[in-house]
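**Q** Structure: input21.cif, mmCIF, C-alpha atoms.
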```
data_target
loop_
_atom_site.label_atom_id
_atom_site.label_comp_id
_atom_site.auth_asym_id
_atom_site.auth_seq_id
_atom_site.Cartn_x
_atom_site.Cartn_y
_atom_site.Cartn_z
CA MET U 264 14.62 -78.47 64.49
CA SER U 265 15.40 -82.20 64.53
CA ILE U 266 16.43 -84.03 61.34
CA LYS U 267 13.32 -86.19 61.64
CA HIS U 268 11.02 -83.18 61.83
CA PHE U 269 12.75 -81.46 58.96
CA ARG U 270 12.37 -84.57 56.80
CA TYR U 271 8.63 -84.64 57.45
CA MET U 272 8.37 -80.94 56.67
CA LEU U 273 10.41 -81.34 53.50
CA ILE U 274 8.20 -84.14 52.21
CA SER U 275 5.00 -82.25 53.00
CA ILE U 276 6.17 -79.21 51.03
CA MET U 277 7.18 -81.46 48.14
CA LEU U 278 3.69 -82.88 48.08
CA PHE U 279 2.04 -79.47 47.90
CA PHE U 280 4.36 -78.30 45.13
CA SER U 281 3.83 -81.47 43.14
CA SER U 282 0.07 -81.04 43.11
CA GLY U 283 -1.59 -80.93 39.72
CA ILE U 284 -4.32 -78.69 41.14
CA ALA U 285 -2.62 -75.54 42.36
CA ASN U 286 -5.69 -73.30 42.37
CA ALA U 287 -6.84 -74.20 45.87
CA ALA U 288 -6.23 -73.10 49.44
CA ALA U 289 -3.35 -74.51 51.48
CA PRO U 290 -3.74 -76.06 54.98
CA ILE U 291 -3.26 -72.94 57.11
CA MET U 292 -5.92 -71.04 55.18
CA HIS U 293 -8.28 -74.03 55.41
CA ALA U 294 -7.84 -74.27 59.18
CA TYR U 295 -8.18 -70.52 59.65
CA VAL U 296 -11.48 -70.43 57.76
CA ALA U 297 -12.63 -73.48 59.73
CA LYS U 298 -11.96 -71.53 62.93
CA ILE U 299 -14.01 -68.58 61.64
CA TRP U 300 -16.84 -70.95 60.75
CA LEU U 301 -16.77 -72.51 64.21
CA ASP U 302 -16.81 -69.07 65.86
CA LYS U 303 -19.75 -67.86 63.78
CA LEU U 304 -21.82 -70.92 62.94
CA GLY U 305 -20.62 -73.78 65.10
CA ALA U 306 -22.79 -75.33 67.78
CA LYS U 307 -21.66 -75.24 71.41
CA ASN U 308 -21.52 -79.02 71.59
CA GLN U 309 -19.84 -79.45 68.18
CA ASP U 310 -16.86 -81.77 67.91
CA GLN U 311 -14.29 -79.18 66.88
CA ALA U 312 -11.47 -81.70 66.54
CA ALA U 313 -13.48 -83.74 64.03
CA PHE U 314 -14.34 -80.55 62.15
CA TYR U 315 -10.69 -79.53 61.79
CA VAL U 316 -9.69 -83.03 60.74
CA GLY U 317 -12.53 -83.09 58.22
CA THR U 318 -11.56 -79.83 56.59
CA LEU U 319 -7.89 -80.83 56.33
CA PHE U 320 -8.52 -84.42 55.25
CA PRO U 321 -9.39 -83.99 51.51
CA ASP U 322 -5.85 -83.12 50.46
CA ILE U 323 -4.58 -86.48 51.66
CA ARG U 324 -4.82 -87.19 47.95
CA TYR U 325 -1.27 -85.77 47.76
CA LEU U 326 -0.16 -89.12 49.18
CA GLY U 327 -1.84 -90.91 46.29
CA GLN U 328 -4.32 -92.74 48.51
CA CYS U 329 -7.50 -91.03 47.32
CA LYS U 330 -8.54 -89.45 44.06
CA ARG U 331 -9.32 -85.75 44.21
CA LYS U 332 -12.81 -86.26 42.80
CA ASN U 333 -13.65 -88.49 45.78
CA THR U 334 -12.79 -85.92 48.44
CA HIS U 335 -13.61 -82.67 46.63
CA PHE U 336 -17.08 -81.59 45.59
CA LYS U 337 -18.33 -78.95 43.18
CA LYS U 338 -20.66 -76.05 43.91
CA VAL U 339 -20.97 -76.75 47.64
CA THR U 340 -23.12 -74.23 49.51
CA LEU U 341 -22.86 -73.22 53.15
CA ALA U 342 -26.35 -74.62 53.65
CA GLU U 343 -25.00 -77.96 52.43
CA VAL U 344 -22.13 -77.70 54.92
CA GLN U 345 -24.57 -77.12 57.77
CA ALA U 346 -26.78 -80.00 56.66
CA GLN U 347 -24.07 -82.64 57.03
CA PRO U 348 -24.75 -85.37 59.62
CA ASN U 349 -21.62 -84.83 61.73
CA SER U 350 -18.71 -82.45 62.33
CA PHE U 351 -16.25 -84.40 60.18
CA TYR U 352 -18.45 -84.20 57.11
CA LYS U 353 -19.17 -80.53 57.74
CA GLY U 354 -15.44 -79.88 57.68
CA LEU U 355 -15.06 -82.03 54.58
CA LYS U 356 -17.67 -80.02 52.69
CA LEU U 357 -16.29 -76.69 53.92
CA HIS U 358 -12.96 -77.60 52.32
CA SER U 359 -14.51 -77.73 48.85
CA TRP U 360 -16.57 -74.60 49.46
CA LEU U 361 -13.40 -72.69 50.38
CA ASP U 362 -11.38 -73.95 47.41
CA GLU U 363 -14.00 -72.70 44.94
CA THR U 364 -14.88 -69.49 46.78
CA ARG U 365 -11.25 -68.49 47.32
CA GLU U 366 -10.22 -69.12 43.71
CA LYS U 367 -13.15 -67.12 42.36
CA PHE U 368 -12.22 -64.23 44.65
CA ALA U 369 -8.52 -64.40 43.67
CA VAL U 370 -9.34 -64.26 39.96
CA GLU U 371 -11.81 -61.41 40.32
CA TYR U 372 -9.39 -59.50 42.59
CA GLY U 373 -6.68 -59.78 39.92
CA VAL U 374 -4.05 -60.96 42.39
CA TYR U 375 -2.31 -63.29 39.93
CA GLN U 376 -1.48 -60.35 37.65
CA HIS U 377 0.32 -58.70 40.58
CA LEU U 378 2.62 -61.70 40.88
CA GLU U 379 4.40 -60.65 37.70
CA GLY U 380 7.77 -61.36 39.28
CA ILE U 381 6.84 -65.04 39.64
CA PRO U 382 6.86 -67.37 36.59
CA LYS U 383 3.26 -67.95 35.51
CA LYS U 384 3.25 -71.70 36.07
CA HIS U 385 4.36 -71.21 39.70
CA ARG U 386 2.13 -68.29 40.67
CA ALA U 387 -0.76 -70.34 42.04
CA SER U 388 1.56 -72.40 44.27
CA PHE U 389 3.44 -69.29 45.40
CA LEU U 390 0.17 -67.56 46.29
CA LYS U 391 -0.74 -70.48 48.56
CA PHE U 392 2.44 -70.00 50.57
CA LEU U 393 1.98 -66.24 50.58
CA GLU U 394 -1.53 -66.54 52.04
CA ASP U 395 -0.43 -69.09 54.62
CA GLU U 396 2.52 -66.92 55.63
CA LEU U 397 0.27 -63.94 56.29
CA ILE U 398 -2.30 -66.05 58.15
CA PHE U 399 0.16 -68.10 60.21
CA LYS U 400 0.89 -65.42 62.82
CA LYS U 401 -2.79 -64.73 63.49
CA VAL U 402 -3.52 -67.91 65.43
CA ASP U 403 -2.02 -70.25 67.99
CA TRP U 404 -2.29 -73.50 66.04
CA GLN U 405 -2.04 -75.82 69.04
CA LYS U 406 -5.73 -76.73 68.94
CA VAL U 407 -5.46 -77.70 65.28
CA LYS U 408 -2.34 -79.77 65.91
CA SER U 409 -4.01 -81.47 68.87
CA SER U 410 -7.03 -82.28 66.68
CA LEU U 411 -4.70 -84.05 64.26
CA SER U 412 -3.90 -86.59 66.97
CA ASN U 413 -7.34 -88.06 66.21
CA THR U 414 -8.44 -90.20 63.28
CA TYR U 415 -11.97 -91.17 62.30
CA VAL U 416 -13.57 -94.16 60.66
CA TYR U 417 -15.04 -91.81 58.04
CA GLN U 418 -11.55 -91.26 56.65
CA GLU U 419 -11.15 -94.94 55.91
CA GLU U 420 -14.43 -94.86 54.02
CA PHE U 421 -12.65 -92.71 51.42
CA GLY U 422 -9.87 -95.28 51.04
CA ALA U 423 -7.32 -93.88 53.49
CA ASP U 424 -5.57 -96.64 55.44
CA PRO U 425 -4.23 -96.17 59.00
CA LYS U 426 -0.61 -95.82 57.82
CA SER U 427 -1.50 -93.05 55.36
CA LEU U 428 -3.56 -91.25 57.99
CA PHE U 429 -0.65 -91.39 60.42
CA ILE U 430 1.73 -89.95 57.81
CA TRP U 431 -0.71 -87.27 56.63
CA HIS U 432 -1.62 -86.08 60.11
CA ASN U 433 2.05 -85.85 61.09
CA PHE U 434 2.85 -83.96 57.89
CA LEU U 435 0.22 -81.44 58.88
CA LYS U 436 1.41 -81.13 62.48
CA ILE U 437 4.82 -80.12 61.16
CA TYR U 438 3.34 -77.79 58.56
CA PHE U 439 1.43 -75.96 61.30
CA SER U 440 4.58 -75.64 63.41
CA PHE U 441 6.52 -73.26 61.16
CA PRO U 442 5.64 -70.38 58.83
CA PRO U 443 6.21 -71.23 55.14
CA SER U 444 9.06 -68.71 54.88
CA GLU U 445 11.07 -70.69 57.46
CA SER U 446 10.30 -73.96 55.72
CA LEU U 447 11.35 -72.66 52.30
CA SER U 448 14.51 -70.99 53.54
CA GLN U 449 15.71 -74.27 55.06
CA LEU U 450 14.54 -76.28 52.09
CA ALA U 451 16.50 -74.03 49.73
CA LEU U 452 19.72 -75.27 51.35
CA PHE U 453 19.17 -78.74 49.89
CA PRO U 454 19.80 -79.67 46.22
CA ILE U 455 16.37 -81.03 45.47
CA ASN U 456 13.62 -80.30 42.96
CA LEU U 457 9.99 -80.02 44.03
CA GLY U 458 7.69 -81.32 41.33
CA ASP U 459 8.19 -78.97 38.37
CA ALA U 460 9.98 -76.40 40.56
CA SER U 461 13.76 -76.66 40.23
CA LYS U 462 16.07 -76.29 43.22
CA GLU U 463 16.92 -72.83 41.87
CA MET U 464 13.22 -71.90 41.85
CA VAL U 465 12.87 -73.12 45.44
CA ALA U 466 15.73 -70.81 46.39
CA HIS U 467 14.00 -67.95 44.59
CA PHE U 468 10.76 -68.69 46.44
CA SER U 469 12.55 -68.46 49.77
CA GLU U 470 14.02 -65.11 48.71
CA TRP U 471 10.80 -63.69 47.24
CA LEU U 472 8.34 -64.65 49.95
CA PRO U 473 9.50 -62.12 52.63
CA ASP U 474 9.38 -59.32 50.05
CA TYR U 475 5.85 -60.13 48.89
CA VAL U 476 4.64 -60.60 52.46
CA ASN U 477 5.78 -57.06 53.27
CA GLN U 478 3.94 -55.50 50.32
CA VAL U 479 0.80 -53.65 51.34
CA TYR U 480 -1.08 -54.89 48.26
CA PHE U 481 -0.81 -58.54 49.29
CA GLN U 482 -1.52 -57.77 52.92
CA LYS U 483 -4.72 -56.06 51.79
CA TYR U 484 -5.52 -58.95 49.45
CA VAL U 485 -5.42 -61.50 52.26
CA HIS U 486 -7.31 -59.14 54.58
CA ASN U 487 -10.02 -58.64 51.95
CA LEU U 488 -10.16 -62.35 51.16
CA VAL U 489 -10.76 -63.20 54.81
CA LEU U 490 -13.31 -60.39 55.11
CA HIS U 491 -15.09 -61.69 52.01
CA LEU U 492 -15.29 -65.19 53.50
CA GLU U 493 -16.51 -63.87 56.88
CA LYS U 494 -19.31 -61.96 55.17
CA LYS U 495 -20.38 -65.16 53.45
CA PHE U 496 -20.77 -66.74 56.88
CA ASP U 497 -22.76 -63.77 58.16
#
```
Rewrite the structure of this file - the entire thing - as structure tokens.

**A**
Amino acid sequence: MSIKHFRYMLISIMLFFSSGIANAAAPIMHAYVAKIWLDKLGAKNQDQAAFYVGTLFPDIRYLGQCKRKNTHFKKVTLAEVQAQPNSFYKGLKLHSWLDETREKFAVEYGVYQHLEGIPKKHRASFLKFLEDELIFKKVDWQKVKSSLSNTYVYQEEFGADPKSLFIWHNFLKIYFSFPPSESLSQLALFPINLGDASKEMVAHFSEWLPDYVNQVYFQKYVHNLVLHLEKKFD
């Protein structure tokens, strides 16, 4: 991996860790659910690139360009997603639907209690990486990365300038290029804190993730979460 690419990856992980709202899906899960939606409910002539960009766009707030309340919406229904005027806005609305639906499922499933080896304040962030790690190998992410080569005027309507869009889309391209375990293991080599996670905690994350990924309970959790979301689409 080049130094330039690693720097982008490092910054993107820092942004996700520094988030004040940890109880939400991470990019790989968002894109995976977007793919399921397209397979089940998408129209043949739908702009899939715009849809992927739309569903990944809301978390550009990590760059400080947009407020979360402007890109995230409460109590979104799938009917509301379908009713949007274009593919970008459908993706945008699906993002909020997934954040709420996933968190409700995680709480009811009791998954946080099974992360007893992780400090409580870091469990939500760790679960994001755990889900993305288990989902990463299921898909060839080239289509998603190719979609991120596009930007849309709708994004600027939310206050995102061209420079921020360029940075955000390139962050995401790197994020979709490596599983989180690889990112964390390399990141742990550097003496740097990530938000409220110390460099020691980052090292622990890189050590813990492979173990949790291999536990049947968490494999079943992610499988059941995806199944739950698919049934919603049906």

**Q** What is the CA of Gly373 in chain U to CA of Asp395 in chain U distance in Å?

**A**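 Between CA of Gly373 in chain U and CA of Asp395 in chain U the gap works out to 18.5 Å.
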
**Q** One decimal, Å: what's the distance from CA of Thr334 in chain U over to CA of Pro321 in chain U, could you say?

**A** 5.0 Å

**Q** So which one's closest to His467 in chain U, U:Trp404, U:Tyr484, U:Phe389, U:Phe496? Using all atoms listed in the file, please.

**A**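 Of the candidates, the smallest distance to His467 in chain U is held by U:Phe389.
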
**Q** Out of U:Gln418, U:Asn333, U:Thr364, U:Gln405, which residue has the shortest atom-to-atom distance to Val489 in chain U when counting only C-alpha atoms?

**A**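 Ranked by minimum distance to Val489 in chain U, first place goes to U:Thr364.
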
**Q** For a quick check of understanding, using all atoms listed in the file, which of U:Ser444, U:Leu355, U:Asn487, U:Pro348 has the smallest distance to Ala466 in chain U?

**A**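 Ranked by minimum distance to Ala466 in chain U, first place goes to U:Ser444.
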
**Q** Just add N, CA and C atoms to range 369-402 of chain U and send it as a compact mmCIF listing (two decimals), in the coordinates of the input.

**A**
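Below is the file that was written, result-v9.txt:
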```
# COMPACT_ATOMS: atom_id res chain seq x y z
N ALA U 369 -9.88 -64.72 44.12
CA ALA U 369 -8.52 -64.40 43.67
C ALA U 369 -8.51 -63.94 42.22
N VAL U 370 -9.28 -64.62 41.38
CA VAL U 370 -9.34 -64.26 39.96
C VAL U 370 -9.99 -62.90 39.78
N GLU U 371 -11.12 -62.68 40.45
CA GLU U 371 -11.81 -61.41 40.32
C GLU U 371 -11.00 -60.25 40.91
N TYR U 372 -10.22 -60.53 41.94
CA TYR U 372 -9.39 -59.50 42.59
C TYR U 372 -8.20 -59.12 41.69
N GLY U 373 -7.82 -60.03 40.81
CA GLY U 373 -6.68 -59.78 39.92
C GLY U 373 -5.33 -60.00 40.58
N VAL U 374 -5.30 -60.80 41.63
CA VAL U 374 -4.05 -60.96 42.39
C VAL U 374 -2.96 -61.65 41.58
N TYR U 375 -3.34 -62.57 40.69
CA TYR U 375 -2.31 -63.29 39.93
C TYR U 375 -1.51 -62.34 39.04
N GLN U 376 -2.18 -61.31 38.50
CA GLN U 376 -1.48 -60.35 37.65
C GLN U 376 -0.44 -59.55 38.43
N HIS U 377 -0.63 -59.44 39.76
CA HIS U 377 0.32 -58.70 40.58
C HIS U 377 1.49 -59.56 41.03
N LEU U 378 1.49 -60.82 40.61
CA LEU U 378 2.62 -61.70 40.88
C LEU U 378 3.52 -61.78 39.65
N GLU U 379 3.67 -60.64 38.96
CA GLU U 379 4.40 -60.65 37.70
C GLU U 379 5.86 -61.05 37.86
N GLY U 380 6.39 -60.94 39.05
CA GLY U 380 7.77 -61.36 39.28
C GLY U 380 7.94 -62.86 39.43
N ILE U 381 6.82 -63.58 39.48
CA ILE U 381 6.84 -65.04 39.64
C ILE U 381 6.49 -65.68 38.29
N PRO U 382 7.23 -66.68 37.84
CA PRO U 382 6.86 -67.37 36.59
C PRO U 382 5.41 -67.83 36.64
N LYS U 383 4.70 -67.69 35.53
CA LYS U 383 3.26 -67.95 35.51
C LYS U 383 2.88 -69.33 36.04
N LYS U 384 3.65 -70.35 35.68
CA LYS U 384 3.25 -71.70 36.07
C LYS U 384 3.44 -71.95 37.57
N HIS U 385 4.13 -71.04 38.26
CA HIS U 385 4.36 -71.21 39.70
C HIS U 385 3.56 -70.22 40.54
N ARG U 386 2.80 -69.34 39.91
CA ARG U 386 2.13 -68.29 40.67
C ARG U 386 1.08 -68.84 41.63
N ALA U 387 0.30 -69.81 41.19
CA ALA U 387 -0.76 -70.34 42.04
C ALA U 387 -0.17 -71.00 43.30
N SER U 388 0.92 -71.76 43.12
CA SER U 388 1.56 -72.40 44.27
C SER U 388 2.19 -71.35 45.19
N PHE U 389 2.82 -70.34 44.60
CA PHE U 389 3.44 -69.29 45.40
C PHE U 389 2.39 -68.54 46.20
N LEU U 390 1.23 -68.29 45.59
CA LEU U 390 0.17 -67.56 46.29
C LEU U 390 -0.32 -68.35 47.51
N LYS U 391 -0.36 -69.65 47.41
CA LYS U 391 -0.74 -70.48 48.56
C LYS U 391 0.16 -70.20 49.76
N PHE U 392 1.48 -70.23 49.49
CA PHE U 392 2.44 -70.00 50.57
C PHE U 392 2.34 -68.58 51.09
N LEU U 393 2.10 -67.64 50.19
CA LEU U 393 1.98 -66.24 50.58
C LEU U 393 0.79 -66.04 51.51
N GLU U 394 -0.34 -66.63 51.18
CA GLU U 394 -1.53 -66.54 52.04
C GLU U 394 -1.27 -67.19 53.40
N ASP U 395 -0.68 -68.38 53.36
CA ASP U 395 -0.43 -69.09 54.62
C ASP U 395 0.56 -68.34 55.49
N GLU U 396 1.54 -67.70 54.87
CA GLU U 396 2.52 -66.92 55.63
C GLU U 396 1.85 -65.77 56.37
N LEU U 397 0.94 -65.09 55.69
CA LEU U 397 0.27 -63.94 56.29
C LEU U 397 -0.77 -64.35 57.34
N ILE U 398 -1.30 -65.56 57.20
CA ILE U 398 -2.30 -66.05 58.15
C ILE U 398 -1.65 -66.70 59.37
N PHE U 399 -0.47 -67.28 59.18
CA PHE U 399 0.16 -68.10 60.21
C PHE U 399 0.25 -67.40 61.56
N LYS U 400 0.64 -66.14 61.57
CA LYS U 400 0.89 -65.42 62.82
C LYS U 400 -0.38 -64.99 63.54
N LYS U 401 -1.53 -65.19 62.91
CA LYS U 401 -2.79 -64.73 63.49
C LYS U 401 -3.35 -65.66 64.56
N VAL U 402 -2.89 -66.90 64.58
CA VAL U 402 -3.52 -67.91 65.43
C VAL U 402 -2.46 -68.77 66.13
```
